[in-house]
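As provided, query_12.txt (compact mmCIF, C-alpha atoms) reads as follows.
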```
# COMPACT_ATOMS: atom_id res chain seq x y z
CA MET H 1 -67.71 33.67 14.39
CA GLY H 2 -70.21 30.87 13.75
CA PRO H 3 -72.85 29.59 16.20
CA GLU H 4 -70.83 26.47 17.08
CA GLU H 5 -67.71 28.44 17.89
CA ARG H 6 -69.74 30.94 19.90
CA ARG H 7 -71.34 28.16 21.96
CA SER H 8 -67.99 26.50 22.51
CA ARG H 9 -66.44 29.77 23.67
CA GLU H 10 -69.35 30.42 26.03
CA LYS H 11 -68.98 26.94 27.54
CA ARG H 12 -65.28 27.51 28.15
CA ARG H 13 -66.01 30.90 29.68
CA LEU H 14 -68.64 29.51 32.04
CA ARG H 15 -66.45 26.57 33.04
CA LEU H 16 -63.62 28.93 33.96
CA ALA H 17 -66.07 31.20 35.80
CA ILE H 18 -67.18 28.25 37.94
CA LEU H 19 -63.60 27.38 38.83
CA ASP H 20 -62.74 31.01 39.58
CA ALA H 21 -65.82 31.36 41.78
CA ALA H 22 -64.97 28.22 43.74
CA GLU H 23 -61.46 29.52 44.40
CA ALA H 24 -62.75 32.97 45.35
CA ILE H 25 -65.22 31.54 47.87
CA ALA H 26 -62.44 29.37 49.33
CA VAL H 27 -60.30 32.48 49.77
CA GLU H 28 -63.09 34.19 51.68
CA GLN H 29 -64.58 31.30 53.66
CA GLY H 30 -62.35 28.23 53.34
CA TRP H 31 -62.87 25.09 51.27
CA PRO H 32 -65.28 23.34 53.67
CA ARG H 33 -67.82 26.14 53.05
CA VAL H 34 -67.63 26.02 49.26
CA THR H 35 -70.85 24.62 47.77
CA LEU H 36 -72.25 24.39 44.26
CA ARG H 37 -75.15 26.61 45.34
CA LYS H 38 -72.78 29.35 46.49
CA ILE H 39 -70.84 29.04 43.26
CA ALA H 40 -74.05 29.40 41.26
CA GLN H 41 -75.00 32.51 43.23
CA ARG H 42 -71.54 34.01 42.67
CA ILE H 43 -71.70 33.63 38.88
CA GLU H 44 -75.43 34.44 38.76
CA TYR H 45 -76.49 31.15 37.22
CA SER H 46 -78.78 28.43 38.51
CA PRO H 47 -77.31 25.43 40.39
CA ALA H 48 -78.55 23.28 37.52
CA ALA H 49 -76.29 25.19 35.13
CA VAL H 50 -73.28 24.45 37.34
CA TYR H 51 -74.21 20.75 37.44
CA GLU H 52 -74.06 20.68 33.65
CA TYR H 53 -70.32 21.25 33.91
CA PHE H 54 -69.40 19.60 37.21
CA GLU H 55 -71.33 16.81 38.86
CA SER H 56 -70.08 17.65 42.35
CA LYS H 57 -67.82 19.86 44.43
CA ASP H 58 -65.23 17.06 44.32
CA ALA H 59 -65.18 17.31 40.53
CA ILE H 60 -64.44 21.04 40.79
CA VAL H 61 -61.70 20.37 43.33
CA ALA H 62 -60.19 17.72 41.06
CA GLU H 63 -60.14 20.15 38.13
CA LEU H 64 -58.49 22.84 40.26
CA LEU H 65 -55.91 20.31 41.44
CA ARG H 66 -54.98 19.44 37.85
CA SER H 67 -54.91 23.06 36.71
CA GLY H 68 -52.79 23.97 39.74
CA PHE H 69 -50.15 21.39 38.88
CA ASP H 70 -50.33 22.54 35.26
CA SER H 71 -49.55 26.09 36.33
CA LEU H 72 -46.72 24.96 38.58
CA ALA H 73 -45.29 22.86 35.74
CA GLU H 74 -45.20 25.96 33.55
CA GLU H 75 -43.26 27.75 36.27
CA PHE H 76 -40.83 24.84 36.55
CA ALA H 77 -40.40 24.59 32.79
CA SER H 78 -39.42 28.26 32.63
CA VAL H 79 -36.39 27.68 34.87
CA SER H 80 -33.44 27.99 32.53
CA ALA H 81 -31.04 25.10 32.17
CA SER H 82 -28.27 27.66 32.31
CA SER H 83 -29.43 29.11 35.64
CA GLU H 84 -26.63 29.24 38.20
CA HIS H 85 -28.90 27.80 40.91
CA PRO H 86 -31.78 25.99 39.13
CA THR H 87 -32.85 24.03 42.22
CA LEU H 88 -33.15 27.23 44.22
CA GLU H 89 -35.13 28.75 41.36
CA LEU H 90 -37.57 25.81 41.51
CA ALA H 91 -37.93 26.32 45.25
CA ARG H 92 -38.69 29.99 44.73
CA ALA H 93 -41.21 29.18 42.00
CA THR H 94 -42.97 26.82 44.42
CA TRP H 95 -43.13 29.50 47.09
CA ARG H 96 -44.43 32.10 44.65
CA PHE H 97 -47.20 29.78 43.53
CA ALA H 98 -48.16 28.86 47.10
CA LEU H 99 -48.27 32.51 48.17
CA ASP H 100 -50.16 33.63 45.08
CA ARG H 101 -52.77 30.85 45.14
CA PRO H 102 -52.78 29.34 48.64
CA GLN H 103 -56.22 27.75 48.33
CA VAL H 104 -55.25 25.90 45.15
CA TYR H 105 -51.97 24.86 46.76
CA GLN H 106 -54.01 23.39 49.61
CA VAL H 107 -56.14 21.47 47.13
CA MET H 108 -53.04 20.12 45.40
CA HIS H 109 -51.67 18.77 48.67
CA GLY H 110 -54.79 17.61 50.48
CA LEU H 111 -54.79 20.41 53.04
CA ALA H 112 -57.65 22.34 54.68
CA GLY H 113 -60.01 19.40 54.78
CA VAL H 114 -60.42 19.17 51.03
CA PRO H 115 -62.15 15.81 50.40
CA PHE H 116 -60.20 14.75 47.34
CA THR H 117 -58.00 11.68 47.02
CA GLU H 118 -56.99 9.41 44.19
CA ASP H 119 -54.88 6.28 44.06
CA GLU H 120 -52.64 7.47 41.25
CA PRO H 121 -51.13 10.97 41.03
CA PRO H 122 -52.65 12.97 38.15
CA THR H 123 -50.63 13.36 34.96
CA GLU H 124 -50.07 17.03 35.72
CA ALA H 125 -48.46 16.21 39.09
CA LYS H 126 -46.23 13.62 37.44
CA ARG H 127 -45.05 16.26 34.98
CA VAL H 128 -44.06 18.58 37.84
CA PHE H 129 -42.08 15.77 39.46
CA GLN H 130 -40.39 14.91 36.16
CA LEU H 131 -39.35 18.52 35.64
CA LEU H 132 -37.91 18.50 39.16
CA LEU H 133 -36.00 15.30 38.36
CA ASN H 134 -34.64 16.85 35.18
CA VAL H 135 -33.20 19.80 37.09
CA LEU H 136 -31.70 17.55 39.75
CA ALA H 137 -30.17 15.32 37.06
CA ARG H 138 -28.31 18.33 35.70
CA ALA H 139 -27.10 19.19 39.20
CA ARG H 140 -26.15 15.56 39.96
CA PRO H 141 -25.08 14.10 36.58
CA HIS H 142 -23.56 10.98 38.13
CA ALA H 143 -26.43 10.14 40.46
CA SER H 144 -28.50 7.00 39.94
CA THR H 145 -32.20 7.14 39.14
CA GLN H 146 -33.05 6.06 42.68
CA GLU H 147 -30.75 8.68 44.18
CA LEU H 148 -32.39 11.38 42.08
CA GLU H 149 -35.87 10.23 43.05
CA ASP H 150 -34.90 10.18 46.72
CA LEU H 151 -33.43 13.67 46.41
CA ALA H 152 -36.54 14.93 44.61
CA ASP H 153 -38.84 13.52 47.32
CA THR H 154 -36.65 15.02 50.03
CA LEU H 155 -36.62 18.43 48.38
CA TRP H 156 -40.39 18.35 47.81
CA ALA H 157 -41.04 17.33 51.42
CA LEU H 158 -38.70 20.05 52.67
CA LEU H 159 -40.44 22.78 50.72
CA HIS H 160 -43.93 21.50 51.49
CA GLY H 161 -43.06 21.30 55.17
CA PHE H 162 -42.00 24.94 55.36
CA ILE H 163 -44.98 26.11 53.28
CA SER H 164 -47.46 24.07 55.30
CA LEU H 165 -46.08 25.31 58.62
CA TYR H 166 -46.25 28.89 57.36
CA MET H 167 -49.84 28.45 56.14
CA ALA H 168 -50.86 26.93 59.47
CA GLY H 169 -49.26 29.80 61.39
CA ARG H 170 -46.92 27.36 63.12
CA LEU H 171 -43.63 29.01 62.18
CA ALA H 172 -42.54 32.17 64.00
CA GLY H 173 -41.34 35.07 61.90
CA GLY H 174 -43.88 34.99 59.09
CA LYS H 175 -43.21 34.70 55.37
CA LYS H 176 -39.80 36.28 55.29
CA ARG H 177 -38.30 33.91 57.86
CA ALA H 178 -40.09 30.85 56.45
CA ILE H 179 -38.78 31.52 52.95
CA GLY H 180 -35.31 32.33 54.22
CA LEU H 181 -35.10 29.13 56.27
CA SER H 182 -36.32 27.03 53.35
CA GLU H 183 -33.77 28.57 51.00
CA ARG H 184 -30.97 27.83 53.43
CA ALA H 185 -32.21 24.26 53.84
CA VAL H 186 -32.31 23.77 50.06
CA GLY H 187 -28.74 25.07 49.88
CA VAL H 188 -27.60 22.63 52.57
CA LEU H 189 -29.41 19.74 50.89
CA MET H 190 -27.93 20.40 47.47
CA ALA H 191 -24.44 21.01 48.86
CA GLY H 192 -24.50 17.72 50.70
CA GLY H 193 -24.30 19.33 54.11
CA THR H 194 -22.56 22.59 53.33
CA ALA H 195 -24.69 25.72 53.01
CA ALA H 196 -24.65 26.90 49.40
CA ARG H 197 -24.04 30.58 48.81
CA SER H 198 -26.27 32.26 46.23
CA HIS H 199 -25.20 35.47 44.53
CA SER H 200 -28.74 36.12 43.33
CA LYS H 201 -31.19 38.17 45.36
CA PRO H 202 -33.03 35.81 47.74
CA LEU H 203 -36.79 35.62 47.44
CA ALA H 204 -37.04 36.21 51.19
CA ALA H 205 -35.69 39.70 50.63
CA GLU H 206 -38.59 40.41 48.29
CA VAL H 207 -41.17 39.77 51.02
CA THR H 208 -41.82 43.02 52.80
CA ARG H 209 -44.72 41.97 54.99
CA SER H 210 -44.74 39.07 57.45
```

Could you rewrite the structure in this file as structure tokens?
Amino acid sequence: MGPEERRSREKRRLRLAILDAAEAIAVEQGWPRVTLRKIAQRIEYSPAAVYEYFESKDAIVAELLRSGFDSLAEEFASVSASSEHPTLELARATWRFALDRPQVYQVMHGLAGVPFTEDEPPTEAKRVFQLLLNVLARARPHASTQELEDLADTLWALLHGFISLYMAGRLAGGKKRAIGLSERAVGVLMAGGTAARSHSKPLAAEVTRS
């Protein structure tokens, strides 16, 4: 390995370490208490070293937002076109991501007082929405573009509503009930008012702790 490649690898490693440290501090203390100084202390570098990679906390948040949507897009892309219930699989993938990385999910959706906004959705978020549209188009082959977009927005709002209420502790019954209710709602939405029956094991059944 040459000097240039070694330096490039070290830069990538440190950049990822900064992002990981920011997320770890958010897990422990919440996003409002994340600072570049705390990040520097966590990775045992000087604050100046952190500033070489990110000019502000907002820049770190923006990077985590993009990487979060990237990760969710990978989950969505893995849903097989031949799946018996692809929309339900997307819903479950969204829940898994939110439960696995709640702080990043909050960043992606402007929760927990994260001071990040932008006029235009990032490319990564647009990809997630397009993947959602693709699945819905297979489920509704005769629907118009507008109908599919309306359905996608409705499904996204439905899932985000259940996840947000669960995260805020505003839904009785904990994870298992929140996931179960959301799955039933997705079934009703996709069946046009009739609850869809799934023969696959519901994600709610996989949650053992509430």

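Take the candidates H:Val135, H:Glu124, H:Arg140, H:Pro102 and check each one against H:Glu28 using all atoms listed in the file; the shortest distance goes to H:Pro102.
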
- Message: Ranking H:Pro86, H:Ala137, H:Gln106, H:Gly174 by minimum distance to H:Val186 and counting all atoms listed in the file, which one comes first?
- Response: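 Comparing H:Pro86, H:Ala137, H:Gln106, H:Gly174 against H:Val186, the winner is H:Pro86.
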
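Residue nearest H:Phe129 within the list H:Ile60, H:Ile18, H:Ala143, H:Ala73: H:Ala73 [criterion: smallest interatomic distance, all atoms listed in the file].
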
- Task: Report the distance between atom CA of H:Glu120 and atom CA of H:Val79 in Å, rounded to one decimal place.
- Result: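 Taking atom CA of H:Glu120 as the start and atom CA of H:Val79 as the end point, the length is 26.7 Å.
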
- Message: Considering all atoms listed in the file, can you say which of H:Leu189, H:Ala125, H:Ala59, H:Leu171 comes closest to H:Thr154?
- Response: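 So, comparing all the options, the nearest one is H:Leu189.
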
- Query: Excluding same-chain residues fewer than 3 positions from H:Ile39, what lies within 8 Å of it counting only C-alpha atoms, as number ranges by chain?
  - Reply: H: 18, 21-22, 25, 34-36, 42-43, 47, 50

Quick one: write out the picked residues with C-alpha atoms as a PDB file, keeping the file's coordinate frame?
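So the final result, stored in result-v6.pdb, reads:
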```pdb
ATOM      1  CA  ILE H  18     -67.180  28.250  37.940  1.00  0.00           C
ATOM      2  CA  ALA H  21     -65.820  31.360  41.780  1.00  0.00           C
ATOM      3  CA  ALA H  22     -64.970  28.220  43.740  1.00  0.00           C
ATOM      4  CA  ILE H  25     -65.220  31.540  47.870  1.00  0.00           C
ATOM      5  CA  VAL H  34     -67.630  26.020  49.260  1.00  0.00           C
ATOM      6  CA  THR H  35     -70.850  24.620  47.770  1.00  0.00           C
ATOM      7  CA  LEU H  36     -72.250  24.390  44.260  1.00  0.00           C
ATOM      8  CA  ARG H  42     -71.540  34.010  42.670  1.00  0.00           C
ATOM      9  CA  ILE H  43     -71.700  33.630  38.880  1.00  0.00           C
ATOM     10  CA  PRO H  47     -77.310  25.430  40.390  1.00  0.00           C
ATOM     11  CA  VAL H  50     -73.280  24.450  37.340  1.00  0.00           C
TER      12      VAL H  50
END
```

- Message: So that I can check the surroundings of H:Asn134, please list as a PyMOL selection string every protein, DNA and RNA residue that reaches within 12 Å of it, counting all atoms listed in the file and ignoring chain neighbours fewer than 6 positions away.
- Response: chain H and resi 76-77+79-81+86-87+90+127-128+140-141+143+145+148-149+151-152

- Item | For H:Tyr53, the nearest of the candidates H:Ala191, H:Val107, H:Ile163, H:Leu16, counting all atoms listed in the file |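 Going through H:Ala191, H:Val107, H:Ile163, H:Leu16 one by one, the smallest distance to H:Tyr53 is for H:Leu16.
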
Residues at most 10 Å from stretch 92-94 of chain H, counting all atoms listed in the file, excluding those fewer than 3 positions away in the same chain, as a CSV table (one decimal) with C-alpha atoms, in the frame of the given file?
```
chain,number,residue,atom,x,y,z
H,72,LEU,CA,-46.7,25.0,38.6
H,73,ALA,CA,-45.3,22.9,35.7
H,74,GLU,CA,-45.2,26.0,33.6
H,75,GLU,CA,-43.3,27.8,36.3
H,76,PHE,CA,-40.8,24.8,36.6
H,78,SER,CA,-39.4,28.3,32.6
H,79,VAL,CA,-36.4,27.7,34.9
H,86,PRO,CA,-31.8,26.0,39.1
H,87,THR,CA,-32.8,24.0,42.2
H,88,LEU,CA,-33.2,27.2,44.2
H,89,GLU,CA,-35.1,28.8,41.4
H,97,PHE,CA,-47.2,29.8,43.5
H,98,ALA,CA,-48.2,28.9,47.1
H,99,LEU,CA,-48.3,32.5,48.2
H,100,ASP,CA,-50.2,33.6,45.1
H,105,TYR,CA,-52.0,24.9,46.8
H,156,TRP,CA,-40.4,18.4,47.8
H,159,LEU,CA,-40.4,22.8,50.7
H,160,HIS,CA,-43.9,21.5,51.5
H,163,ILE,CA,-45.0,26.1,53.3
H,179,ILE,CA,-38.8,31.5,53.0
H,182,SER,CA,-36.3,27.0,53.4
H,183,GLU,CA,-33.8,28.6,51.0
H,202,PRO,CA,-33.0,35.8,47.7
H,203,LEU,CA,-36.8,35.6,47.4
H,204,ALA,CA,-37.0,36.2,51.2
```

- Note on the structure: re atom CA of H:Glu84 and atom CA of H:Ala139: distance 10.1 Å

- Separation of atom CA of H:Ala91 from atom CA of H:Leu133, in Å and rounded to one decimal: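 Between these atoms lies a distance of 13.1 Å.
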
- Return the single residue from H:Pro121, H:Arg33, H:Leu14, H:Met167 that is closest to H:Tyr51, with distances computed using only C-alpha atoms.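 Using only C-alpha atoms, the shortest distance to H:Tyr51 belongs to H:Leu14.
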
H:Met108 surroundings by only C-alpha atoms, 9 Å radius, close-in-sequence under 2 positions cut, as an mmCIF file with C-alpha atoms, in the frame of the given file:
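And here is the file that came out, around36.cif:
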```cif
data_model
loop_
_atom_site.group_PDB
_atom_site.id
_atom_site.type_symbol
_atom_site.label_atom_id
_atom_site.label_comp_id
_atom_site.auth_asym_id
_atom_site.auth_seq_id
_atom_site.Cartn_x
_atom_site.Cartn_y
_atom_site.Cartn_z
ATOM 1 C CA VAL H 61 -61.700 20.370 43.330
ATOM 2 C CA ALA H 62 -60.190 17.720 41.060
ATOM 3 C CA LEU H 64 -58.490 22.840 40.260
ATOM 4 C CA LEU H 65 -55.910 20.310 41.440
ATOM 5 C CA ARG H 66 -54.980 19.440 37.850
ATOM 6 C CA GLY H 68 -52.790 23.970 39.740
ATOM 7 C CA PHE H 69 -50.150 21.390 38.880
ATOM 8 C CA GLN H 103 -56.220 27.750 48.330
ATOM 9 C CA VAL H 104 -55.250 25.900 45.150
ATOM 10 C CA TYR H 105 -51.970 24.860 46.760
ATOM 11 C CA GLN H 106 -54.010 23.390 49.610
ATOM 12 C CA GLY H 110 -54.790 17.610 50.480
ATOM 13 C CA LEU H 111 -54.790 20.410 53.040
ATOM 14 C CA ALA H 125 -48.460 16.210 39.090
#
```

Missing atoms in stretch 79-106 of chain H need filling: write out N, CA and C atoms for it as a tab-separated table (two decimals), in the frame of the given file.
```tsv
chain	number	residue	atom	x	y	z
H	79	VAL	N	-37.71	27.59	34.23
H	79	VAL	CA	-36.39	27.68	34.87
H	79	VAL	C	-35.33	27.29	33.86
H	80	SER	N	-34.44	28.19	33.58
H	80	SER	CA	-33.44	27.99	32.53
H	80	SER	C	-32.43	26.93	32.92
H	81	ALA	N	-32.07	26.12	31.95
H	81	ALA	CA	-31.04	25.10	32.17
H	81	ALA	C	-29.70	25.74	32.49
H	82	SER	N	-29.53	26.97	32.09
H	82	SER	CA	-28.27	27.66	32.31
H	82	SER	C	-28.26	28.45	33.62
H	83	SER	N	-29.36	28.38	34.37
H	83	SER	CA	-29.43	29.11	35.64
H	83	SER	C	-28.32	28.64	36.57
H	84	GLU	N	-27.73	29.58	37.29
H	84	GLU	CA	-26.63	29.24	38.20
H	84	GLU	C	-27.11	28.36	39.35
H	85	HIS	N	-28.34	28.58	39.80
H	85	HIS	CA	-28.90	27.80	40.91
H	85	HIS	C	-30.31	27.34	40.54
H	86	PRO	N	-30.44	26.39	39.59
H	86	PRO	CA	-31.78	25.99	39.13
H	86	PRO	C	-32.65	25.38	40.22
H	87	THR	N	-32.05	24.63	41.15
H	87	THR	CA	-32.85	24.03	42.22
H	87	THR	C	-33.44	25.10	43.12
H	88	LEU	N	-32.65	26.11	43.42
H	88	LEU	CA	-33.15	27.23	44.22
H	88	LEU	C	-34.24	27.98	43.47
H	89	GLU	N	-34.10	28.09	42.15
H	89	GLU	CA	-35.13	28.75	41.36
H	89	GLU	C	-36.45	27.96	41.41
H	90	LEU	N	-36.37	26.63	41.39
H	90	LEU	CA	-37.57	25.81	41.51
H	90	LEU	C	-38.22	26.02	42.88
H	91	ALA	N	-37.40	26.09	43.90
H	91	ALA	CA	-37.93	26.32	45.25
H	91	ALA	C	-38.66	27.66	45.32
H	92	ARG	N	-38.07	28.67	44.72
H	92	ARG	CA	-38.69	29.99	44.73
H	92	ARG	C	-39.98	30.00	43.93
H	93	ALA	N	-39.99	29.27	42.81
H	93	ALA	CA	-41.21	29.18	42.00
H	93	ALA	C	-42.33	28.52	42.80
H	94	THR	N	-41.97	27.50	43.59
H	94	THR	CA	-42.97	26.82	44.42
H	94	THR	C	-43.54	27.77	45.46
H	95	TRP	N	-42.67	28.54	46.10
H	95	TRP	CA	-43.13	29.50	47.09
H	95	TRP	C	-44.03	30.56	46.46
H	96	ARG	N	-43.62	31.06	45.30
H	96	ARG	CA	-44.43	32.10	44.65
H	96	ARG	C	-45.83	31.58	44.34
H	97	PHE	N	-45.89	30.36	43.84
H	97	PHE	CA	-47.20	29.78	43.53
H	97	PHE	C	-48.03	29.63	44.80
H	98	ALA	N	-47.43	29.10	45.85
H	98	ALA	CA	-48.16	28.86	47.10
H	98	ALA	C	-48.66	30.16	47.71
H	99	LEU	N	-47.85	31.22	47.61
H	99	LEU	CA	-48.27	32.51	48.17
H	99	LEU	C	-49.32	33.19	47.31
H	100	ASP	N	-49.23	33.00	45.99
H	100	ASP	CA	-50.16	33.63	45.08
H	100	ASP	C	-51.52	32.94	45.07
H	101	ARG	N	-51.51	31.60	45.19
H	101	ARG	CA	-52.77	30.85	45.14
H	101	ARG	C	-52.81	29.81	46.27
H	102	PRO	N	-52.86	30.27	47.51
H	102	PRO	CA	-52.78	29.34	48.64
H	102	PRO	C	-53.90	28.31	48.69
H	103	GLN	N	-55.11	28.71	48.28
H	103	GLN	CA	-56.22	27.75	48.33
H	103	GLN	C	-56.02	26.62	47.33
H	104	VAL	N	-55.51	26.94	46.15
H	104	VAL	CA	-55.25	25.90	45.15
H	104	VAL	C	-54.08	25.03	45.61
H	105	TYR	N	-53.08	25.64	46.21
H	105	TYR	CA	-51.97	24.86	46.76
H	105	TYR	C	-52.49	23.85	47.78
H	106	GLN	N	-53.43	24.29	48.62
H	106	GLN	CA	-54.01	23.39	49.61
H	106	GLN	C	-54.73	22.23	48.94
```
